[in-house]
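Below: the structure, in structure tokens.
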4 protein chains.
Amino acid sequence: MPKPEDRRAQSRTAPDSDRWQTSLTAIEPNKIQIRGYPLDEMMGRLGFAEAVYLLLMGELPTPTIGRMLNAVLVSSIDHGVTPPSTLAARNVATSGAPLKDCVAAGILAFGPHHGGDIESCMLFLDRGLTLVRAGKSMPQAAEAIVAECVEQQEVPPGFGHRYHTRDPRAARLFQMALELEIEGEHVRLIRATERALGAHKEQFGRQLPVNVDGAIAAICGDLGFAYELGNAIFLISRLPGLIAHAHEERSRQSPMRQIDPKDQAYDGSGVRRLPEGRK
Amino acid sequence: MPKPEDRRAQSRTAPDSDRWQTSLTAIEPNKIQIRGYPLDEMMGRLGFAEAVYLLLMGELPTPTIGRMLNAVLVSSIDHGVTPPSTLAARNVATSGAPLKDCVAAGILAFGPHHGGDIESCMLFLDRGLTLVRAGKSMPQAAEAIVAECVEQQEVPPGFGHRYHTRDPRAARLFQMALELEIEGEHVRLIRATERALGAHKEQFGRQLPVNVDGAIAAICGDLGFAYELGNAIFLISRLPGLIAHAHEERSRQSPMRQIDPKDQAYDGSGVRRLPEGRK
Amino acid sequence: MPKPEDRRAQSRTAPDSDRWQTSLTAIEPNKIQIRGYPLDEMMGRLGFAEAVYLLLMGELPTPTIGRMLNAVLVSSIDHGVTPPSTLAARNVATSGAPLKDCVAAGILAFGPHHGGDIESCMLFLDRGLTLVRAGKSMPQAAEAIVAECVEQQEVPPGFGHRYHTRDPRAARLFQMALELEIEGEHVRLIRATERALGAHKEQFGRQLPVNVDGAIAAICGDLGFAYELGNAIFLISRLPGLIAHAHEERSRQSPMRQIDPKDQAYDGSGVRRLPEGRK
Amino acid sequence: MPKPEDRRAQSRTAPDSDRWQTSLTAIEPNKIQIRGYPLDEMMGRLGFAEAVYLLLMGELPTPTIGRMLNAVLVSSIDHGVTPPSTLAARNVATSGAPLKDCVAAGILAFGPHHGGDIESCMLFLDRGLTLVRAGKSMPQAAEAIVAECVEQQEVPPGFGHRYHTRDPRAARLFQMALELEIEGEHVRLIRATERALGAHKEQFGRQLPVNVDGAIAAICGDLGFAYELGNAIFLISRLPGLIAHAHEERSRQSPMRQIDPKDQAYDGSGVRRLPEGRK
């Protein structure tokens, strides 16, 4: 029987049912389990992208989904010096702030106009898929959600790009989704929507092809990601880009300089090809 | 010959030599090259970890380095609810702030006592390697840098852990470095340092085995990463953990709750094993 | 006539009409003007709250508005350890991160459920004032916007409080607005709304008196602040609180501790009164 | 005697001596005390700057210190578009991110080269004052700490400015410190150091007059602020500037623009004078 002084110590440790719960990671001395899998067993046997999927979704990805997710994460790893997130990171770097501060500032610039499009596009596609479930065909659903955008004079999220008239990353993602046979209704709807937009070219004043955010949104939708995690995938993907720019700013440039994003030139490696052996 | 009105437009676009330079990513309409490699060619052929290495280091990793880096990134993907970064992210989440804000706050908590150890440990090991280059043996160098810590009564960075007496992640990283034959002088010195610390157990009041930060520091050192990028590797690794906790907080808990990190229980999947087929 | 090499330098400095414009602060060597006023003349003659008003609104406040704004800024300067922003700042501090990182993390926790209420409440009141302009009386307008909240089963922004059944800060702000004769339609509507909510007490399960956010929202509305600047006023007000908590965490507590917000006690000065002489 | 089920509830509420302590703010239902003073009594009787002093330092400032602190806070309220913190805030704003995210990013840019000088300068002056306490005269101490900087070829923190050859804010702060009779040894030493630097003009290649950071550092030192709080004073002062720029970016400019800090012009109010009546 516990002595009185023990009782108190005991009662401060509430039974599990009183505690708040988490289902992500179990920690015991010398043991770490991610979603039930021993972390040290995962190391060397799961790639990072697969471990990301496990942690966020709760189950191991199939090898096919693993390949698709790797491609999605590679697709947005960097986009040069002009995105607001990169410029925020570089401007913080120029003050001599530590790398993590530059990166955090960059992440804060993933606003509605940059990086936030994936979640918006997933919601946009789901409006269309609701119509499909109510009996409309894909082209009809696409036409309906495009008509809304035309009416509100708004470019739909996931379409058009400041620089690219045909986003090479979107094209490659769709090609892979087709080859890997994971194309689902989100991808089919976004392609139908692209065609519907083509018919309204004059109303928007330009072609609006699917951009990389749109392609990621459609694929994340087909893979079953929550809206919020759609944006998170972009965040994971772009983080190395923010790091690389902040590090380059700190190591190549003078502190406190005035950064004009339009006054920049590339002096890195010339174009080269991946060795044939590479997968 | 250009007409006068052309001249001005032209001169606003300075020649390349006047511009500030970046060597990371070249962007042209419909073309994106990362360190010279077309991004759409990288997709599907390089894993995310390999693309991270390429972007940060400027060259493709060998397949062996790619495997090692995947294991390093998996090793720190999450460590439950108690790290300050996770708690900062969860406390921001409870206010209803967007996911990116939770994540940015979490990153800001990678301070000297948490996450910042990798850079410090790389510097610590380099002090020892300077002695090796001056003629000392590994054990002598290890003893010398440990003696400094004993004198200053400071636990060296990369050793000891709040929870683990033997960090399973460090053990697995060293095993892989050995198997993949990428063990170099940093790994050899950190193992020698661990032994030297064992002989000073009574001065520190406890065993101080290498922890995961120490193992990452030694391996990043052997892979040739800059100090600052050592910490960045941890940042990339832990980002999905911050996302998963912020997302769980937002989806499972009530807003504005008071989070006691000690009052928590795990209710996720029981222990399970990776399928044999997995690499 | 300029020599050729001069021409280029010249043309890189575009005429003012080509440049992007700012109307806040003019900087010349040894001269700084805030909204036209020499900064060194402002020092010693304007209080900080008055300078804040000038910078944000473009004109000097009357002495009365200056007094009101000082009271608004004092009202939210701190609220103990339990708000998510304070806990985010303290959790970042426990990692040893610099003060500015703690503060930035705290600011990120000003989400919809905490700190963001001022903007929402200003918008809520403006819905009512639109009805007033369309001919409804204040009580009718208040009843209409409350009815909407009852229907959607949502507590209106700016009402009710986790701790306080009668928020002493709101009471004092309204008293001052009355005494200083700056009470306008926003304050009158929010008081009418508080009465209308009283009649719906049973639907919400509790009294919902105006809280400090509601009082600030109404006063900022009457002072003519933009919605977005309503939240900014809270941000300026609470910043010293975030700083004080981060600093106390760093100077009084051990690093890497697990912070339970419910397990805390106050050990500061006992209750005391302001000296009579004070204004 | 409590029944068994009561005992547990009781013991979960630990006695005060077991709890962690804070001395800043006491919260009870309908009562808020800042450092012992009822918050609603402070409102209307203390200015914001005085409340800041009370919260950070634990005691009411004298009216004289209150006036000095107001001037210090006004001195750094904004410095146009070119500081890295302002540019970080504007670049985040251009993505459509909320105001608080812009502001948090701006704060992260208060690095060693910008905003961080106050703490460094306070430490620098304290090195000199240690010499004074050891028997050196002010000019000798100033000469000694300047000699160190000459030897290390480093501009001492708090001296020199990118734009201003004579910082009007520093001049005004020193004038006020003299008039208000709160000049102490930190201010006397920094003036002596400025003279000592004048004698080494050729070694630094230019005059290095005290800048606003140096003046704030000296005054904060004389007022007894901790080093870390020296930087915090700058943070509080500049926050409205970050808000004003983020708000202007959001309301006057198009989203996703490329911000060249050198390509900007001021189009605000012309120079004007404070009305005579103003204090």
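By order of appearance in the structure tokens: chains A, B, ..., then residues from 1 within every chain, and ligands from 1 in the order shown.
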
Checklist entry - What are the residues of chain B that have an atom within 6 Å of an atom of chain C, counting only C-alpha atoms, as an MDAnalysis selection string? => result chainID B and resid 11:12 84 88 91:92 95:97 101 105 108:109 111:114 260

Could those residues be written to a file, using all heavy atoms, as a short mmCIF file (atom, residue, chain, number, x, y, z; two decimals), in the first residue's frame?
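Dumped everything to selection-v8.cif:
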data_model
loop_
_atom_site.label_atom_id
_atom_site.label_comp_id
_atom_site.auth_asym_id
_atom_site.auth_seq_id
_atom_site.Cartn_x
_atom_site.Cartn_y
_atom_site.Cartn_z
N SER B 11 20.06 50.94 -71.11
CA SER B 11 21.02 51.15 -70.04
C SER B 11 20.41 50.80 -68.68
O SER B 11 21.13 50.51 -67.75
CB SER B 11 21.54 52.58 -70.06
OG SER B 11 20.46 53.47 -69.87
N ARG B 12 19.08 50.77 -68.58
CA ARG B 12 18.49 50.35 -67.31
C ARG B 12 18.72 48.87 -67.06
O ARG B 12 18.67 48.39 -65.94
CB ARG B 12 16.97 50.64 -67.30
CG ARG B 12 16.70 52.12 -67.44
CD ARG B 12 15.97 52.81 -66.37
NE ARG B 12 15.68 52.30 -65.10
CZ ARG B 12 14.51 52.51 -64.51
NH1 ARG B 12 13.53 53.09 -65.17
NH2 ARG B 12 14.31 52.11 -63.29
N PRO B 84 11.02 22.33 -27.54
CA PRO B 84 10.51 23.70 -27.56
C PRO B 84 9.94 24.11 -28.91
O PRO B 84 8.96 24.85 -28.98
CB PRO B 84 11.73 24.56 -27.23
CG PRO B 84 12.72 23.66 -26.60
CD PRO B 84 12.41 22.26 -27.03
N ALA B 88 6.27 25.47 -29.38
CA ALA B 88 6.02 26.80 -29.96
C ALA B 88 5.02 26.66 -31.10
O ALA B 88 4.05 27.42 -31.19
CB ALA B 88 7.33 27.42 -30.44
N ASN B 91 1.53 25.95 -29.66
CA ASN B 91 0.94 27.11 -29.01
C ASN B 91 0.46 28.14 -30.03
O ASN B 91 -0.58 28.78 -29.83
CB ASN B 91 1.92 27.74 -28.00
CG ASN B 91 1.84 27.06 -26.64
OD1 ASN B 91 0.85 27.19 -25.94
ND2 ASN B 91 2.88 26.31 -26.28
N VAL B 92 1.19 28.30 -31.11
CA VAL B 92 0.71 29.20 -32.16
C VAL B 92 -0.54 28.60 -32.82
O VAL B 92 -1.51 29.31 -33.09
CB VAL B 92 1.83 29.48 -33.19
CG1 VAL B 92 1.29 30.26 -34.37
CG2 VAL B 92 2.95 30.28 -32.52
N SER B 95 -4.06 29.26 -31.38
CA SER B 95 -4.69 30.57 -31.60
C SER B 95 -5.46 30.61 -32.92
O SER B 95 -6.05 31.63 -33.25
CB SER B 95 -3.62 31.65 -31.62
OG SER B 95 -2.96 31.65 -32.88
N GLY B 96 -5.41 29.52 -33.69
CA GLY B 96 -6.08 29.51 -34.99
C GLY B 96 -5.24 30.07 -36.12
O GLY B 96 -5.71 30.23 -37.24
N ALA B 97 -3.96 30.37 -35.84
CA ALA B 97 -3.08 30.93 -36.87
C ALA B 97 -2.85 29.89 -37.98
O ALA B 97 -2.94 28.69 -37.73
CB ALA B 97 -1.75 31.33 -36.25
N ASP B 101 2.46 29.88 -40.11
CA ASP B 101 2.85 30.68 -38.96
C ASP B 101 3.30 29.77 -37.81
O ASP B 101 4.25 30.09 -37.09
CB ASP B 101 1.69 31.55 -38.48
CG ASP B 101 1.40 32.69 -39.44
OD1 ASP B 101 1.81 32.59 -40.61
OD2 ASP B 101 0.76 33.66 -39.03
N ALA B 105 7.16 29.79 -36.31
CA ALA B 105 7.44 29.94 -34.88
C ALA B 105 8.27 28.76 -34.37
O ALA B 105 9.20 28.94 -33.57
CB ALA B 105 6.14 30.06 -34.10
N LEU B 108 11.87 29.16 -35.20
CA LEU B 108 12.56 30.17 -34.38
C LEU B 108 13.07 29.57 -33.07
O LEU B 108 13.97 30.11 -32.44
CB LEU B 108 11.63 31.35 -34.12
CG LEU B 108 11.28 32.14 -35.39
CD1 LEU B 108 10.28 33.23 -35.08
CD2 LEU B 108 12.54 32.73 -36.03
N ALA B 109 12.49 28.42 -32.66
CA ALA B 109 12.93 27.79 -31.41
C ALA B 109 14.12 26.86 -31.62
O ALA B 109 14.52 26.16 -30.68
CB ALA B 109 11.76 27.03 -30.77
N GLY B 111 17.12 27.06 -31.13
CA GLY B 111 18.13 27.90 -30.50
C GLY B 111 19.35 27.09 -30.11
O GLY B 111 19.47 25.92 -30.45
N PRO B 112 20.27 27.73 -29.40
CA PRO B 112 21.51 27.06 -29.01
C PRO B 112 21.28 25.75 -28.26
O PRO B 112 22.06 24.81 -28.41
CB PRO B 112 22.20 28.07 -28.08
CG PRO B 112 21.51 29.36 -28.29
CD PRO B 112 20.19 29.11 -28.94
N HIS B 113 20.18 25.66 -27.46
CA HIS B 113 19.98 24.43 -26.68
C HIS B 113 19.20 23.38 -27.43
O HIS B 113 18.92 22.32 -26.91
CB HIS B 113 19.21 24.76 -25.39
CG HIS B 113 19.90 25.75 -24.54
ND1 HIS B 113 21.13 25.52 -24.00
CD2 HIS B 113 19.56 27.00 -24.14
CE1 HIS B 113 21.51 26.58 -23.30
NE2 HIS B 113 20.58 27.50 -23.38
N HIS B 114 18.77 23.65 -28.66
CA HIS B 114 17.88 22.72 -29.37
C HIS B 114 18.04 22.96 -30.87
O HIS B 114 17.62 23.98 -31.38
CB HIS B 114 16.43 22.97 -28.90
CG HIS B 114 15.38 22.33 -29.76
ND1 HIS B 114 15.40 21.01 -30.13
CD2 HIS B 114 14.25 22.84 -30.32
CE1 HIS B 114 14.33 20.74 -30.86
NE2 HIS B 114 13.62 21.83 -31.00
N ASP B 260 -0.09 21.58 -21.56
CA ASP B 260 0.91 21.09 -20.62
C ASP B 260 1.65 19.94 -21.29
O ASP B 260 1.09 18.86 -21.49
CB ASP B 260 0.23 20.62 -19.33
CG ASP B 260 1.23 19.98 -18.37
OD1 ASP B 260 2.44 20.01 -18.66
OD2 ASP B 260 0.79 19.47 -17.33
#

Checklist entry - How would you write, as a PyMOL selection string, the set of residues in stretch 29-207 of chain A that DSSP gives as helix (DSSP H, G or I)? => result chain A and resi 39-42+48-57+63-75+84-93+99-108+117-133+138-152+168-179+185-198+201-204

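Around stretch 218-229 of chain C, within 8 Å and counting only C-alpha atoms, the residues found are C:Met57, C:Ile65, C:Ile118, C:Glu119, C:Cys121, C:Met122, C:Leu123, C:Leu125, C:Ala177, C:Ile182, C:Glu183, C:Gly184, C:Glu185, C:His186, C:Val187, C:Ile190, D:Leu99, D:His247, once anything fewer than 6 positions away on its own chain is removed.
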
Same residues, all heavy atoms, output as a short mmCIF file (atom, residue, chain, number, x, y, z; two decimals), in the first residue's frame:
data_model
loop_
_atom_site.label_atom_id
_atom_site.label_comp_id
_atom_site.auth_asym_id
_atom_site.auth_seq_id
_atom_site.Cartn_x
_atom_site.Cartn_y
_atom_site.Cartn_z
N MET C 57 -1.50 57.39 -39.31
CA MET C 57 -2.68 58.10 -39.83
C MET C 57 -2.31 59.30 -40.71
O MET C 57 -3.16 59.82 -41.44
CB MET C 57 -3.56 58.57 -38.67
CG MET C 57 -4.04 57.43 -37.78
SD MET C 57 -5.21 56.32 -38.62
CE MET C 57 -6.74 57.26 -38.39
N ILE C 65 -7.22 62.87 -28.48
CA ILE C 65 -7.01 61.57 -29.14
C ILE C 65 -5.71 60.95 -28.65
O ILE C 65 -5.62 59.75 -28.43
CB ILE C 65 -7.02 61.74 -30.69
CG1 ILE C 65 -8.44 62.10 -31.14
CG2 ILE C 65 -6.53 60.48 -31.38
CD1 ILE C 65 -8.57 62.34 -32.64
N ILE C 118 -9.99 42.17 -32.99
CA ILE C 118 -10.26 43.61 -33.16
C ILE C 118 -10.73 43.88 -34.58
O ILE C 118 -11.77 44.52 -34.78
CB ILE C 118 -9.00 44.43 -32.79
CG1 ILE C 118 -8.75 44.27 -31.29
CG2 ILE C 118 -9.18 45.89 -33.17
CD1 ILE C 118 -7.43 44.80 -30.81
N GLU C 119 -9.97 43.37 -35.55
CA GLU C 119 -10.38 43.56 -36.95
C GLU C 119 -11.77 42.96 -37.20
O GLU C 119 -12.63 43.59 -37.81
CB GLU C 119 -9.34 42.92 -37.87
CG GLU C 119 -9.60 43.16 -39.33
CD GLU C 119 -8.42 42.74 -40.20
OE1 GLU C 119 -7.29 42.62 -39.67
OE2 GLU C 119 -8.62 42.52 -41.40
N CYS C 121 -14.15 42.44 -35.12
CA CYS C 121 -15.19 43.20 -34.44
C CYS C 121 -15.46 44.51 -35.18
O CYS C 121 -16.62 44.95 -35.28
CB CYS C 121 -14.78 43.46 -32.99
SG CYS C 121 -16.03 44.33 -32.04
N MET C 122 -14.41 45.14 -35.73
CA MET C 122 -14.64 46.36 -36.51
C MET C 122 -15.53 46.06 -37.72
O MET C 122 -16.43 46.83 -38.05
CB MET C 122 -13.29 46.96 -36.96
CG MET C 122 -12.51 47.62 -35.81
SD MET C 122 -10.79 48.07 -36.27
CE MET C 122 -11.07 49.68 -37.06
N LEU C 123 -15.28 44.94 -38.37
CA LEU C 123 -16.10 44.55 -39.52
C LEU C 123 -17.53 44.25 -39.09
O LEU C 123 -18.49 44.62 -39.77
CB LEU C 123 -15.50 43.30 -40.20
CG LEU C 123 -14.24 43.55 -41.02
CD1 LEU C 123 -13.44 42.27 -41.20
CD2 LEU C 123 -14.62 44.11 -42.40
N LEU C 125 -19.12 45.50 -36.47
CA LEU C 125 -19.81 46.75 -36.16
C LEU C 125 -20.20 47.49 -37.43
O LEU C 125 -21.27 48.09 -37.53
CB LEU C 125 -18.92 47.64 -35.28
CG LEU C 125 -18.63 47.11 -33.87
CD1 LEU C 125 -17.64 48.02 -33.14
CD2 LEU C 125 -19.91 46.94 -33.05
N ALA C 177 -13.60 57.23 -23.07
CA ALA C 177 -14.16 57.73 -24.34
C ALA C 177 -15.30 58.71 -24.06
O ALA C 177 -15.44 59.74 -24.74
CB ALA C 177 -14.66 56.56 -25.19
N ILE C 182 -15.06 61.53 -27.06
CA ILE C 182 -14.75 61.00 -28.40
C ILE C 182 -15.59 59.78 -28.71
O ILE C 182 -15.35 59.09 -29.71
CB ILE C 182 -13.25 60.68 -28.57
CG1 ILE C 182 -12.84 59.61 -27.60
CG2 ILE C 182 -12.40 61.92 -28.45
CD1 ILE C 182 -11.49 59.04 -27.95
N GLU C 183 -16.56 59.49 -27.89
CA GLU C 183 -17.50 58.42 -28.17
C GLU C 183 -18.22 58.72 -29.47
O GLU C 183 -18.73 59.83 -29.66
CB GLU C 183 -18.54 58.42 -27.03
CG GLU C 183 -18.92 57.05 -26.55
CD GLU C 183 -20.09 57.13 -25.57
OE1 GLU C 183 -21.17 57.61 -25.98
OE2 GLU C 183 -19.90 56.71 -24.43
N GLY C 184 -18.24 57.75 -30.36
CA GLY C 184 -18.94 57.95 -31.62
C GLY C 184 -19.89 56.79 -31.87
O GLY C 184 -20.22 56.04 -30.95
N GLU C 185 -20.26 56.61 -33.13
CA GLU C 185 -21.29 55.61 -33.43
C GLU C 185 -20.82 54.18 -33.19
O GLU C 185 -21.61 53.32 -32.83
CB GLU C 185 -21.81 55.79 -34.86
CG GLU C 185 -20.70 55.75 -35.90
CD GLU C 185 -21.18 56.05 -37.31
OE1 GLU C 185 -22.35 56.44 -37.48
OE2 GLU C 185 -20.39 55.86 -38.25
N HIS C 186 -19.52 53.91 -33.37
CA HIS C 186 -19.03 52.56 -33.10
C HIS C 186 -19.20 52.20 -31.62
O HIS C 186 -19.62 51.11 -31.29
CB HIS C 186 -17.56 52.41 -33.51
CG HIS C 186 -17.32 52.50 -34.97
ND1 HIS C 186 -17.21 53.70 -35.63
CD2 HIS C 186 -17.19 51.54 -35.93
CE1 HIS C 186 -17.00 53.48 -36.92
NE2 HIS C 186 -16.98 52.18 -37.13
N VAL C 187 -18.81 53.14 -30.75
CA VAL C 187 -18.96 52.86 -29.31
C VAL C 187 -20.44 52.74 -28.96
O VAL C 187 -20.84 51.82 -28.23
CB VAL C 187 -18.27 53.96 -28.46
CG1 VAL C 187 -18.63 53.80 -26.98
CG2 VAL C 187 -16.75 53.91 -28.63
N ILE C 190 -21.68 49.34 -30.10
CA ILE C 190 -21.21 48.16 -29.37
C ILE C 190 -21.91 48.07 -28.00
O ILE C 190 -22.19 46.97 -27.52
CB ILE C 190 -19.66 48.14 -29.25
CG1 ILE C 190 -19.19 46.68 -29.09
CG2 ILE C 190 -19.17 48.98 -28.09
CD1 ILE C 190 -17.71 46.49 -29.25
N LEU D 99 -0.82 41.18 -41.96
CA LEU D 99 0.06 42.20 -41.40
C LEU D 99 1.02 41.64 -40.36
O LEU D 99 2.21 41.97 -40.34
CB LEU D 99 -0.80 43.30 -40.76
CG LEU D 99 -0.07 44.56 -40.35
CD1 LEU D 99 0.40 45.34 -41.56
CD2 LEU D 99 -0.94 45.46 -39.49
N HIS D 247 1.57 48.06 -44.18
CA HIS D 247 0.22 48.53 -44.52
C HIS D 247 0.23 49.33 -45.82
O HIS D 247 -0.64 49.18 -46.67
CB HIS D 247 -0.32 49.38 -43.37
CG HIS D 247 -1.73 49.82 -43.57
ND1 HIS D 247 -2.78 48.95 -43.67
CD2 HIS D 247 -2.27 51.06 -43.69
CE1 HIS D 247 -3.91 49.62 -43.84
NE2 HIS D 247 -3.62 50.90 -43.86
#

Exercise: stretch 193-197 of chain D partners within 10 Å, only C-alpha atoms, chain neighbours under 2 positions left out, as a JSON list (two decimals) with N, CA and C atoms, in the first residue's frame:
[["chain", "number", "residue", "atom", "x", "y", "z"],
["D", 125, "LEU", "N", 30.59, 49.82, -24.08],
["D", 125, "LEU", "CA", 30.76, 50.90, -23.09],
["D", 125, "LEU", "C", 31.10, 50.31, -21.72],
["D", 128, "GLY", "N", 34.65, 49.83, -21.20],
["D", 128, "GLY", "CA", 35.32, 51.09, -20.84],
["D", 128, "GLY", "C", 35.07, 51.47, -19.38],
["D", 138, "MET", "N", 37.91, 59.09, -17.85],
["D", 138, "MET", "CA", 37.03, 58.87, -19.00],
["D", 138, "MET", "C", 37.81, 58.90, -20.32],
["D", 139, "PRO", "N", 38.62, 59.98, -20.58],
["D", 139, "PRO", "CA", 39.35, 60.02, -21.86],
["D", 139, "PRO", "C", 40.31, 58.83, -22.01],
["D", 140, "GLN", "N", 40.94, 58.42, -20.90],
["D", 140, "GLN", "CA", 41.85, 57.28, -21.00],
["D", 140, "GLN", "C", 41.09, 56.00, -21.33],
["D", 141, "ALA", "N", 39.95, 55.80, -20.65],
["D", 141, "ALA", "CA", 39.15, 54.60, -20.92],
["D", 141, "ALA", "C", 38.67, 54.60, -22.37],
["D", 142, "ALA", "N", 38.20, 55.78, -22.83],
["D", 142, "ALA", "CA", 37.72, 55.89, -24.21],
["D", 142, "ALA", "C", 38.85, 55.54, -25.18],
["D", 143, "GLU", "N", 40.02, 56.11, -24.94],
["D", 143, "GLU", "CA", 41.17, 55.85, -25.81],
["D", 143, "GLU", "C", 41.49, 54.35, -25.83],
["D", 144, "ALA", "N", 41.39, 53.70, -24.67],
["D", 144, "ALA", "CA", 41.73, 52.27, -24.58],
["D", 144, "ALA", "C", 40.77, 51.40, -25.40],
["D", 145, "ILE", "N", 39.47, 51.68, -25.28],
["D", 145, "ILE", "CA", 38.53, 50.82, -26.03],
["D", 145, "ILE", "C", 38.54, 51.16, -27.52],
["D", 146, "VAL", "N", 38.88, 52.40, -27.85],
["D", 146, "VAL", "CA", 39.03, 52.74, -29.27],
["D", 146, "VAL", "C", 40.28, 52.07, -29.84],
["D", 147, "ALA", "N", 41.35, 52.03, -29.07],
["D", 147, "ALA", "CA", 42.59, 51.42, -29.54],
["D", 147, "ALA", "C", 42.36, 49.95, -29.91],
["D", 149, "CYS", "N", 39.59, 48.68, -31.03],
["D", 149, "CYS", "CA", 38.88, 48.65, -32.31],
["D", 149, "CYS", "C", 39.82, 48.93, -33.47],
["D", 150, "VAL", "N", 40.72, 49.89, -33.26],
["D", 150, "VAL", "CA", 41.70, 50.21, -34.31],
["D", 150, "VAL", "C", 42.52, 48.97, -34.62],
["D", 155, "VAL", "N", 34.84, 48.90, -36.81],
["D", 155, "VAL", "CA", 34.09, 50.08, -36.37],
["D", 155, "VAL", "C", 33.37, 49.72, -35.07],
["D", 156, "PRO", "N", 33.54, 50.51, -34.01],
["D", 156, "PRO", "CA", 32.85, 50.17, -32.76],
["D", 156, "PRO", "C", 31.33, 50.28, -32.92],
["D", 158, "GLY", "N", 27.62, 51.40, -32.58],
["D", 158, "GLY", "CA", 27.00, 52.64, -32.13],
["D", 158, "GLY", "C", 27.63, 53.88, -32.76],
["D", 159, "PHE", "N", 28.56, 53.66, -33.71],
["D", 159, "PHE", "CA", 29.23, 54.81, -34.34],
["D", 159, "PHE", "C", 29.15, 54.68, -35.87],
["D", 160, "GLY", "N", 29.05, 55.83, -36.53],
["D", 160, "GLY", "CA", 28.99, 55.87, -37.99],
["D", 160, "GLY", "C", 27.60, 55.51, -38.49],
["D", 187, "VAL", "N", 26.71, 57.97, -20.96],
["D", 187, "VAL", "CA", 26.66, 59.07, -21.94],
["D", 187, "VAL", "C", 28.01, 59.80, -21.97],
["D", 188, "ARG", "N", 28.59, 60.04, -20.79],
["D", 188, "ARG", "CA", 29.89, 60.74, -20.77],
["D", 188, "ARG", "C", 30.96, 59.93, -21.49],
["D", 189, "LEU", "N", 30.94, 58.61, -21.28],
["D", 189, "LEU", "CA", 31.95, 57.78, -21.93],
["D", 189, "LEU", "C", 31.75, 57.74, -23.45],
["D", 190, "ILE", "N", 30.51, 57.69, -23.91],
["D", 190, "ILE", "CA", 30.32, 57.58, -25.36],
["D", 190, "ILE", "C", 30.72, 58.90, -26.04],
["D", 191, "ARG", "N", 30.52, 60.03, -25.35],
["D", 191, "ARG", "CA", 30.97, 61.30, -25.93],
["D", 191, "ARG", "C", 32.50, 61.34, -25.96],
["D", 199, "ALA", "N", 40.26, 61.36, -33.34],
["D", 199, "ALA", "CA", 41.72, 61.37, -33.45],
["D", 199, "ALA", "C", 42.24, 60.21, -34.29],
["D", 200, "HIS", "N", 41.38, 59.21, -34.55],
["D", 200, "HIS", "CA", 41.79, 58.06, -35.36],
["D", 200, "HIS", "C", 41.09, 58.03, -36.71],
["D", 201, "LYS", "N", 40.59, 59.21, -37.11],
["D", 201, "LYS", "CA", 39.82, 59.32, -38.34],
["D", 201, "LYS", "C", 40.52, 58.64, -39.52],
["D", 202, "GLU", "N", 41.82, 58.85, -39.65],
["D", 202, "GLU", "CA", 42.50, 58.31, -40.83],
["D", 202, "GLU", "C", 42.53, 56.78, -40.83],
["D", 203, "GLN", "N", 42.61, 56.18, -39.62],
["D", 203, "GLN", "CA", 42.63, 54.71, -39.57],
["D", 203, "GLN", "C", 41.31, 54.09, -40.06],
["D", 204, "PHE", "N", 40.19, 54.76, -39.79],
["D", 204, "PHE", "CA", 38.91, 54.22, -40.22],
["D", 204, "PHE", "C", 38.47, 54.77, -41.59],
["D", 206, "ARG", "N", 37.19, 57.56, -42.24],
["D", 206, "ARG", "CA", 36.07, 58.53, -42.20],
["D", 206, "ARG", "C", 35.77, 58.89, -40.74],
["D", 207, "GLN", "N", 35.03, 59.98, -40.57],
["D", 207, "GLN", "CA", 34.53, 60.35, -39.24],
["D", 207, "GLN", "C", 33.56, 59.28, -38.77],
["D", 208, "LEU", "N", 33.53, 58.99, -37.48],
["D", 208, "LEU", "CA", 32.57, 58.03, -36.94],
["D", 208, "LEU", "C", 31.80, 58.65, -35.78],
["D", 209, "PRO", "N", 30.87, 59.54, -36.09],
["D", 209, "PRO", "CA", 30.09, 60.15, -35.01],
["D", 209, "PRO", "C", 29.14, 59.13, -34.39],
["D", 210, "VAL", "N", 28.74, 59.38, -33.15],
["D", 210, "VAL", "CA", 27.75, 58.51, -32.50],
["D", 210, "VAL", "C", 26.48, 58.49, -33.35]]

Determine, for each residue of stretch 53-159 of chain C having at least one atom at most 10 Å from an atom of stretch 18-28 of chain C, the closest pair of atoms and their separation in Å to one decimal, counting only C-alpha atoms; order by chain and ascending number, as a tab-separated table.
residue	atom	partner	partner_atom	distance
C:Leu54	CA	C:Leu24	CA	9.6
C:Leu55	CA	C:Leu24	CA	6.8
C:Leu56	CA	C:Leu24	CA	8.4
C:Met57	CA	C:Leu24	CA	9.8
C:Gly58	CA	C:Leu24	CA	7.8
